[in-house]
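Participant: I have a structure here, written as structure tokens, and I will follow up with some questions on it.
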Amino acid sequence: MKFVNPNTLKLKPSATLMINEQIMKLRASGKKVFHFGFGQSPFGVHPKISEALKAHATSTQYLPSLGLPELRANIATYLNNHQHVQAKKEHILIGPGSKELIYQSILLLDGTYIIPRGSWVSYLPQVKLANKKYVLLQTSFHENYKLQAKDLDAFCKSSEAGQYFLLLNSPNNPTGAIYSEDELQDIATICAKFGIIVFSDEIYSQLSYQLDHAPSIASYYPENTLVFGGMSKVFAAGGYRLGFVSIPENLKSLIPIYESMFSETFSAVSAPVQYAALEAYRYENVIQKTVRDSAIILKAIASFTYDFLCELKIKCTKPQGGFYMLIDFGNYAEALGELNLEDSVTLSRFLLEEYQVALLPGTDFYFPPQELIFRLAFVDFDGRKALQFYQSNEKVQLDYKFIQNFAPNVFEGLNRINKFVATLK
């Protein structure tokens, strides 16, 4: 149709949401599926947060477009205390999920967007939808698919002068990797050298396995880093749809423009949800402990999954936080080729149809199809039950028996992969 915006015609539904809908339909029809394709927190919203939502169910008023002032203040305090990010309440903007806020920011800011290969599925579609320029920078398995400062420097030196924006995600979706302080300092140095503005997507920050938060590039490059976060991962409230962006002092002149954009698009985030977020971002001890315990359980399942797959000679990124790892069947490329399974999309369909294993192909994360890379999300389990058992048993061992009992779909799904690999030997 001639009257349709051409930027929308090549747009496909989000790969993560589409595979989840597909698996839900298969399960509703009675089919058993081992769902490694979707990254929804399994733990459920803490009762204090859901009770706050219920208590404000009759709050039907429009709130300010930039967000409830008390919530903005709470998030600023949270960032300062728990992510070591310098934030002011006046610079915290509230939106219906960090996903929407990233898109609004891409719409607002003109230039070329730098996306490392092995990044979240929606970055590139959003950049294309906004009709912005972009470049995909190469990453490697040996560096856990993390962008290297030297590669960023080489790209900038060889490129035309102009404004560049770097989309950086740590803990990373899809790899589970976390950028170290040294790595972030090195990247920050290059960004400062070339005036790059950073979109730091820190949606998984408190789900770091080692520390209570992942390091932030905003600690080393505060003047030009926008920090994004939200409730979906850390607080297991994806359906609430609430996110935030923290604007640096250097870019505070953008805030009135954001306010105009918000007021002319989504108006304001739902009032009951903002009041629920107010409780979450108080980050009191009971909620903080639940988040840390969730990260401990995730670490155990991630470690088990990593060790299991490495034993099968499947290359894996080693998760350091969040819900995911990348796995690579490249060691079996020859055997797979004999079965006409020569690309990640074809192999993902085969695994779902023949072994009931759902994985997202690496093409959704900007890898070439001939690279047999997939994202594996190890969160298809009842997190509420696992968390309750862990918190009520001081001496519980988070070993394979725990995983077999509380994450049976993960356990059995890995065994299905084992059966498949056994046919290739």
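Naming works like this for the structure tokens: A, B, ... for the chains as they're shown, residue 1 at the start of each chain, ligands 1 onward in shown order.
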Give me the residues near Phe323 (chain A) as a ChimeraX atom specification, where near means some atom within 12 Å (using only C-alpha atoms) and where sequence neighbours in that chain fewer than 2 positions away do not count.

Facilitator: /A:36-43,170-177,203-205,207-209,233-234,236,294-303,305,318-321,325-326,375-381

Participant: Go ahead and save the picked residues with N, CA and C atoms, as a compact mmCIF listing (two decimals), in the first residue's frame.

Facilitator:
```txt
# COMPACT_ATOMS: atom_id res chain seq x y z
N PHE A 36 13.66 -22.46 25.88
CA PHE A 36 14.88 -21.69 26.11
C PHE A 36 14.86 -20.39 25.30
N GLY A 37 13.69 -20.00 24.81
CA GLY A 37 13.64 -18.90 23.87
C GLY A 37 13.23 -17.55 24.42
N PHE A 38 12.78 -17.48 25.68
CA PHE A 38 12.19 -16.23 26.17
C PHE A 38 12.78 -15.86 27.52
N GLY A 39 13.06 -14.58 27.71
CA GLY A 39 13.73 -14.11 28.91
C GLY A 39 12.84 -13.40 29.90
N GLN A 40 11.79 -14.06 30.33
CA GLN A 40 10.93 -13.47 31.36
C GLN A 40 11.36 -13.96 32.73
N SER A 41 11.44 -13.06 33.69
CA SER A 41 11.84 -13.48 35.03
C SER A 41 10.87 -14.52 35.57
N PRO A 42 11.39 -15.61 36.14
CA PRO A 42 10.51 -16.66 36.65
C PRO A 42 10.08 -16.46 38.09
N PHE A 43 10.57 -15.40 38.75
CA PHE A 43 10.43 -15.33 40.20
C PHE A 43 9.14 -14.68 40.70
N SER A 170 24.90 -4.23 29.66
CA SER A 170 25.64 -5.04 30.62
C SER A 170 24.88 -5.05 31.95
N PRO A 171 24.60 -6.26 32.50
CA PRO A 171 24.78 -7.60 31.95
C PRO A 171 24.08 -7.74 30.60
N ASN A 172 24.71 -8.53 29.75
CA ASN A 172 24.31 -8.52 28.35
C ASN A 172 23.23 -9.55 28.03
N ASN A 173 22.31 -9.13 27.22
CA ASN A 173 21.36 -10.00 26.55
C ASN A 173 21.76 -9.95 25.07
N PRO A 174 22.34 -11.03 24.53
CA PRO A 174 22.10 -12.44 24.81
C PRO A 174 23.22 -13.23 25.48
N THR A 175 24.36 -12.62 25.80
CA THR A 175 25.52 -13.43 26.19
C THR A 175 25.60 -13.74 27.68
N GLY A 176 25.01 -12.89 28.52
CA GLY A 176 25.18 -13.01 29.97
C GLY A 176 26.48 -12.39 30.45
N ALA A 177 27.25 -11.80 29.55
CA ALA A 177 28.54 -11.21 29.92
C ALA A 177 28.35 -9.87 30.63
N ILE A 203 19.28 -2.87 32.42
CA ILE A 203 18.04 -3.48 32.88
C ILE A 203 18.27 -4.69 33.78
N TYR A 204 19.45 -5.35 33.66
CA TYR A 204 19.75 -6.54 34.46
C TYR A 204 20.77 -6.26 35.57
N SER A 205 21.07 -5.01 35.86
CA SER A 205 22.22 -4.66 36.69
C SER A 205 22.27 -5.41 38.01
N LEU A 207 21.09 -8.15 38.81
CA LEU A 207 21.14 -9.61 38.65
C LEU A 207 22.54 -10.07 38.27
N SER A 208 23.54 -9.30 38.68
CA SER A 208 24.93 -9.73 38.59
C SER A 208 25.14 -10.88 39.56
N TYR A 209 25.91 -11.89 39.16
CA TYR A 209 26.10 -13.06 40.01
C TYR A 209 27.14 -12.85 41.10
N LYS A 233 13.04 -7.02 34.76
CA LYS A 233 13.97 -8.11 35.05
C LYS A 233 14.29 -8.20 36.54
N VAL A 234 14.81 -7.13 37.10
CA VAL A 234 15.22 -7.14 38.51
C VAL A 234 14.04 -7.40 39.43
N ALA A 236 11.03 -8.58 38.40
CA ALA A 236 10.14 -9.62 37.83
C ALA A 236 8.77 -9.06 37.48
N SER A 294 17.51 -14.29 44.17
CA SER A 294 17.16 -14.66 42.79
C SER A 294 18.42 -14.79 41.94
N ALA A 295 19.35 -13.85 42.12
CA ALA A 295 20.61 -13.90 41.36
C ALA A 295 21.43 -15.13 41.73
N ILE A 296 21.39 -15.52 42.99
CA ILE A 296 22.13 -16.72 43.43
C ILE A 296 21.57 -17.97 42.76
N ILE A 297 20.25 -18.07 42.69
CA ILE A 297 19.61 -19.21 42.02
C ILE A 297 19.94 -19.20 40.53
N LEU A 298 19.85 -18.04 39.91
CA LEU A 298 20.18 -17.93 38.49
C LEU A 298 21.62 -18.35 38.22
N LYS A 299 22.52 -17.95 39.10
CA LYS A 299 23.93 -18.32 38.94
C LYS A 299 24.10 -19.83 38.95
N ALA A 300 23.40 -20.51 39.88
CA ALA A 300 23.51 -21.97 39.98
C ALA A 300 23.01 -22.65 38.71
N ILE A 301 21.87 -22.19 38.21
CA ILE A 301 21.31 -22.80 37.00
C ILE A 301 22.18 -22.47 35.78
N ALA A 302 22.70 -21.24 35.73
CA ALA A 302 23.59 -20.86 34.63
C ALA A 302 24.85 -21.71 34.63
N SER A 303 25.44 -21.91 35.80
CA SER A 303 26.67 -22.70 35.91
C SER A 303 26.43 -24.14 35.50
N THR A 305 24.08 -25.26 33.50
CA THR A 305 23.82 -25.28 32.05
C THR A 305 25.12 -25.14 31.27
N LYS A 318 30.14 -17.69 29.02
CA LYS A 318 29.94 -17.98 30.44
C LYS A 318 29.17 -16.83 31.08
N PRO A 319 27.92 -17.08 31.50
CA PRO A 319 27.10 -15.99 32.04
C PRO A 319 27.66 -15.46 33.36
N GLN A 320 27.60 -14.15 33.50
CA GLN A 320 28.00 -13.49 34.74
C GLN A 320 26.84 -12.75 35.38
N GLY A 321 25.70 -12.74 34.69
CA GLY A 321 24.51 -12.08 35.21
C GLY A 321 23.35 -12.26 34.24
N MET A 325 22.72 -17.16 27.86
CA MET A 325 24.05 -17.40 27.32
C MET A 325 23.90 -17.63 25.82
N LEU A 326 24.99 -17.43 25.09
CA LEU A 326 25.03 -17.81 23.69
C LEU A 326 25.68 -19.18 23.59
N ARG A 375 20.75 -18.08 21.17
CA ARG A 375 20.59 -17.63 22.55
C ARG A 375 19.80 -18.67 23.32
N LEU A 376 20.32 -19.04 24.49
CA LEU A 376 19.62 -19.95 25.38
C LEU A 376 19.26 -19.20 26.66
N ALA A 377 17.97 -19.09 26.95
CA ALA A 377 17.48 -18.49 28.19
C ALA A 377 17.14 -19.61 29.16
N PHE A 378 17.80 -19.62 30.32
CA PHE A 378 17.65 -20.73 31.27
C PHE A 378 16.68 -20.37 32.40
N VAL A 379 15.52 -19.80 32.04
CA VAL A 379 14.57 -19.33 33.05
C VAL A 379 13.19 -19.98 32.93
N ASP A 380 13.13 -21.12 32.26
CA ASP A 380 11.84 -21.82 32.14
C ASP A 380 11.64 -22.72 33.36
N PHE A 381 11.39 -22.07 34.51
CA PHE A 381 11.14 -22.82 35.74
C PHE A 381 10.29 -21.96 36.68
```

Participant: Write out as a compact mmCIF listing (two decimals) with N, CA and C atoms, in the first residue's frame each polymer residue whose atoms come within 12 Å of region 15-22 of chain A, counting only C-alpha atoms; drop sequence neighbours fewer than 3 positions from it.

Facilitator:
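Output file out05.txt follows:
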```
# COMPACT_ATOMS: atom_id res chain seq x y z
N LEU A 11 9.69 -4.29 8.92
CA LEU A 11 9.71 -4.58 10.36
C LEU A 11 8.96 -5.88 10.64
N LYS A 12 9.57 -6.73 11.45
CA LYS A 12 8.94 -7.98 11.86
C LYS A 12 8.61 -7.91 13.34
N LYS A 25 1.18 -21.33 22.47
CA LYS A 25 0.16 -22.02 21.66
C LYS A 25 0.42 -23.52 21.63
N LEU A 26 1.68 -23.91 21.47
CA LEU A 26 2.02 -25.33 21.45
C LEU A 26 1.70 -25.99 22.79
N ARG A 27 2.02 -25.29 23.87
CA ARG A 27 1.73 -25.84 25.19
C ARG A 27 0.23 -25.91 25.44
N ALA A 28 -0.49 -24.90 24.97
CA ALA A 28 -1.95 -24.90 25.14
C ALA A 28 -2.60 -26.06 24.40
N SER A 29 -1.95 -26.52 23.33
CA SER A 29 -2.48 -27.65 22.56
C SER A 29 -2.06 -28.99 23.16
N LYS A 31 1.21 -29.90 23.89
CA LYS A 31 2.55 -30.36 23.52
C LYS A 31 3.57 -29.91 24.56
N VAL A 33 7.09 -28.60 25.49
CA VAL A 33 8.15 -27.82 24.84
C VAL A 33 9.12 -27.34 25.91
N PHE A 34 10.40 -27.41 25.60
CA PHE A 34 11.44 -26.94 26.51
C PHE A 34 11.86 -25.56 26.02
N HIS A 35 11.41 -24.57 26.78
CA HIS A 35 11.40 -23.19 26.29
C HIS A 35 12.65 -22.44 26.73
N PHE A 36 13.66 -22.46 25.88
CA PHE A 36 14.88 -21.69 26.11
C PHE A 36 14.86 -20.39 25.30
N GLY A 37 13.69 -20.00 24.81
CA GLY A 37 13.64 -18.90 23.87
C GLY A 37 13.23 -17.55 24.42
N PHE A 38 12.78 -17.48 25.68
CA PHE A 38 12.19 -16.23 26.17
C PHE A 38 12.78 -15.86 27.52
N GLY A 39 13.06 -14.58 27.71
CA GLY A 39 13.73 -14.11 28.91
C GLY A 39 12.84 -13.40 29.90
N GLN A 40 11.79 -14.06 30.33
CA GLN A 40 10.93 -13.47 31.36
C GLN A 40 11.36 -13.96 32.73
N TRP A 120 20.91 -7.00 22.05
CA TRP A 120 19.48 -7.24 22.19
C TRP A 120 18.75 -7.13 20.85
N VAL A 121 17.75 -7.97 20.68
CA VAL A 121 17.06 -8.09 19.39
C VAL A 121 16.41 -6.79 18.91
N SER A 122 16.02 -5.91 19.80
CA SER A 122 15.21 -4.75 19.39
C SER A 122 16.02 -3.50 19.05
N PRO A 125 16.07 -3.08 14.98
CA PRO A 125 14.76 -2.74 14.43
C PRO A 125 14.30 -1.33 14.82
N ASN A 173 22.31 -9.13 27.22
CA ASN A 173 21.36 -10.00 26.55
C ASN A 173 21.76 -9.95 25.07
N PRO A 174 22.34 -11.03 24.53
CA PRO A 174 22.10 -12.44 24.81
C PRO A 174 23.22 -13.23 25.48
N VAL A 345 18.81 -20.56 11.57
CA VAL A 345 17.34 -20.51 11.47
C VAL A 345 16.79 -21.90 11.19
N SER A 348 17.22 -24.12 14.27
CA SER A 348 16.28 -23.80 15.35
C SER A 348 14.91 -24.41 15.09
N ARG A 349 14.47 -24.39 13.84
CA ARG A 349 13.19 -25.02 13.49
C ARG A 349 13.25 -26.53 13.70
N LEU A 352 13.09 -27.47 17.39
CA LEU A 352 11.74 -27.33 17.94
C LEU A 352 10.83 -28.45 17.46
N VAL A 357 12.74 -28.44 21.57
CA VAL A 357 13.65 -27.49 22.21
C VAL A 357 13.56 -26.16 21.48
N ALA A 358 13.20 -25.11 22.19
CA ALA A 358 13.04 -23.78 21.59
C ALA A 358 14.25 -22.91 21.92
N LEU A 359 14.96 -22.49 20.88
CA LEU A 359 16.09 -21.58 20.99
C LEU A 359 15.91 -20.45 19.99
N LEU A 360 16.49 -19.29 20.30
CA LEU A 360 16.46 -18.19 19.33
C LEU A 360 17.73 -18.21 18.50
N PRO A 361 17.61 -18.19 17.17
CA PRO A 361 18.81 -18.21 16.33
C PRO A 361 19.63 -16.93 16.44
N GLY A 362 20.93 -17.07 16.20
CA GLY A 362 21.83 -15.93 16.31
C GLY A 362 21.54 -14.81 15.34
N THR A 363 20.81 -15.10 14.27
CA THR A 363 20.45 -14.04 13.32
C THR A 363 19.66 -12.93 13.99
N ASP A 364 18.92 -13.27 15.05
CA ASP A 364 18.14 -12.25 15.76
C ASP A 364 19.03 -11.33 16.58
N PHE A 365 20.30 -11.73 16.74
CA PHE A 365 21.24 -10.94 17.52
C PHE A 365 22.40 -10.45 16.65
N ARG A 375 20.75 -18.08 21.17
CA ARG A 375 20.59 -17.63 22.55
C ARG A 375 19.80 -18.67 23.32
N LEU A 376 20.32 -19.04 24.49
CA LEU A 376 19.62 -19.95 25.38
C LEU A 376 19.26 -19.20 26.66
N ALA A 377 17.97 -19.09 26.95
CA ALA A 377 17.48 -18.49 28.19
C ALA A 377 17.14 -19.61 29.16
N ASP A 380 13.13 -21.12 32.26
CA ASP A 380 11.84 -21.82 32.14
C ASP A 380 11.64 -22.72 33.36
```

Participant: Determine which residues of region 272-411 of chain A DSSP labels as helix (DSSP H, G or I) from the backbone of this structure, then write them out as a PyMOL selection string.

Facilitator: chain A and resi 272-280+285-311+330-338+344-355+362-365+383-392+400-406+408-411

Participant: Which one of A:Ser119, A:Gln288, A:Asn5, A:Thr112 sits closest to Gln206 (chain A) if you count only C-alpha atoms?

Facilitator: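 Result for the nearest residue to Gln206 (chain A): A:Gln288.
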
Participant: Output as a PyMOL selection string all residues of region 188-395 of chain A that backbone DSSP marks as strand (DSSP E or B).

Facilitator: chain A and resi 197-201+208+225-230+243-246+315-316+321+324-328+357-358+360-361+373-377

Participant: Write out, as a short mmCIF file (atom, residue, chain, number, x, y, z; two decimals), in the first residue's frame, the residues just selected, with C-alpha atoms.

Facilitator:
```cif
data_model
loop_
_atom_site.label_atom_id
_atom_site.label_comp_id
_atom_site.auth_asym_id
_atom_site.auth_seq_id
_atom_site.Cartn_x
_atom_site.Cartn_y
_atom_site.Cartn_z
CA ILE A 197 26.95 9.44 23.46
CA VAL A 198 26.33 6.13 25.24
CA PHE A 199 22.98 4.43 25.76
CA SER A 200 23.80 2.22 28.75
CA ASP A 201 21.09 -0.44 29.02
CA SER A 208 24.93 -9.73 38.59
CA THR A 225 25.91 8.45 29.26
CA LEU A 226 22.17 7.88 29.37
CA VAL A 227 21.35 5.06 31.81
CA PHE A 228 18.27 2.94 31.12
CA GLY A 229 16.59 0.56 33.54
CA GLY A 230 13.22 -0.75 34.60
CA GLY A 243 11.17 1.88 32.84
CA PHE A 244 13.36 4.91 33.38
CA VAL A 245 16.18 6.82 31.78
CA SER A 246 18.67 8.93 33.70
CA LYS A 315 30.83 -23.60 22.82
CA CYS A 316 29.13 -21.28 25.31
CA GLY A 321 24.51 -12.08 35.21
CA TYR A 324 21.06 -15.94 29.07
CA MET A 325 24.05 -17.40 27.32
CA LEU A 326 25.03 -17.81 23.69
CA ILE A 327 25.70 -21.36 22.53
CA ASP A 328 27.49 -22.37 19.33
CA VAL A 357 13.65 -27.49 22.21
CA ALA A 358 13.04 -23.78 21.59
CA LEU A 360 16.46 -18.19 19.33
CA PRO A 361 18.81 -18.21 16.33
CA ILE A 373 24.86 -19.53 17.24
CA PHE A 374 21.77 -19.43 19.47
CA ARG A 375 20.59 -17.63 22.55
CA LEU A 376 19.62 -19.95 25.38
CA ALA A 377 17.48 -18.49 28.19
#
```

Participant: With only C-alpha atoms as the basis for distance, which of A:Arg241, A:Lys252, A:Arg282, A:His84 is at the shortest distance from Asn224 (chain A)?

Facilitator: A:Lys252

Participant: Residues within 10 Å of Lys146 (chain A), please, as an MDAnalysis selection string. Count only C-alpha atoms; anything in the same chain fewer than 3 positions from it doesn't count.

Facilitator: chainID A and resid 116:119 138:143 149 168:170 172 175 177:179 183

Participant: Ala161 (chain A): which residues within 12 Å, counting only C-alpha atoms, same-chain residues fewer than 3 positions away excluded, as a ChimeraX atom specification?

Facilitator: /A:111-112,155-158,164,194-196
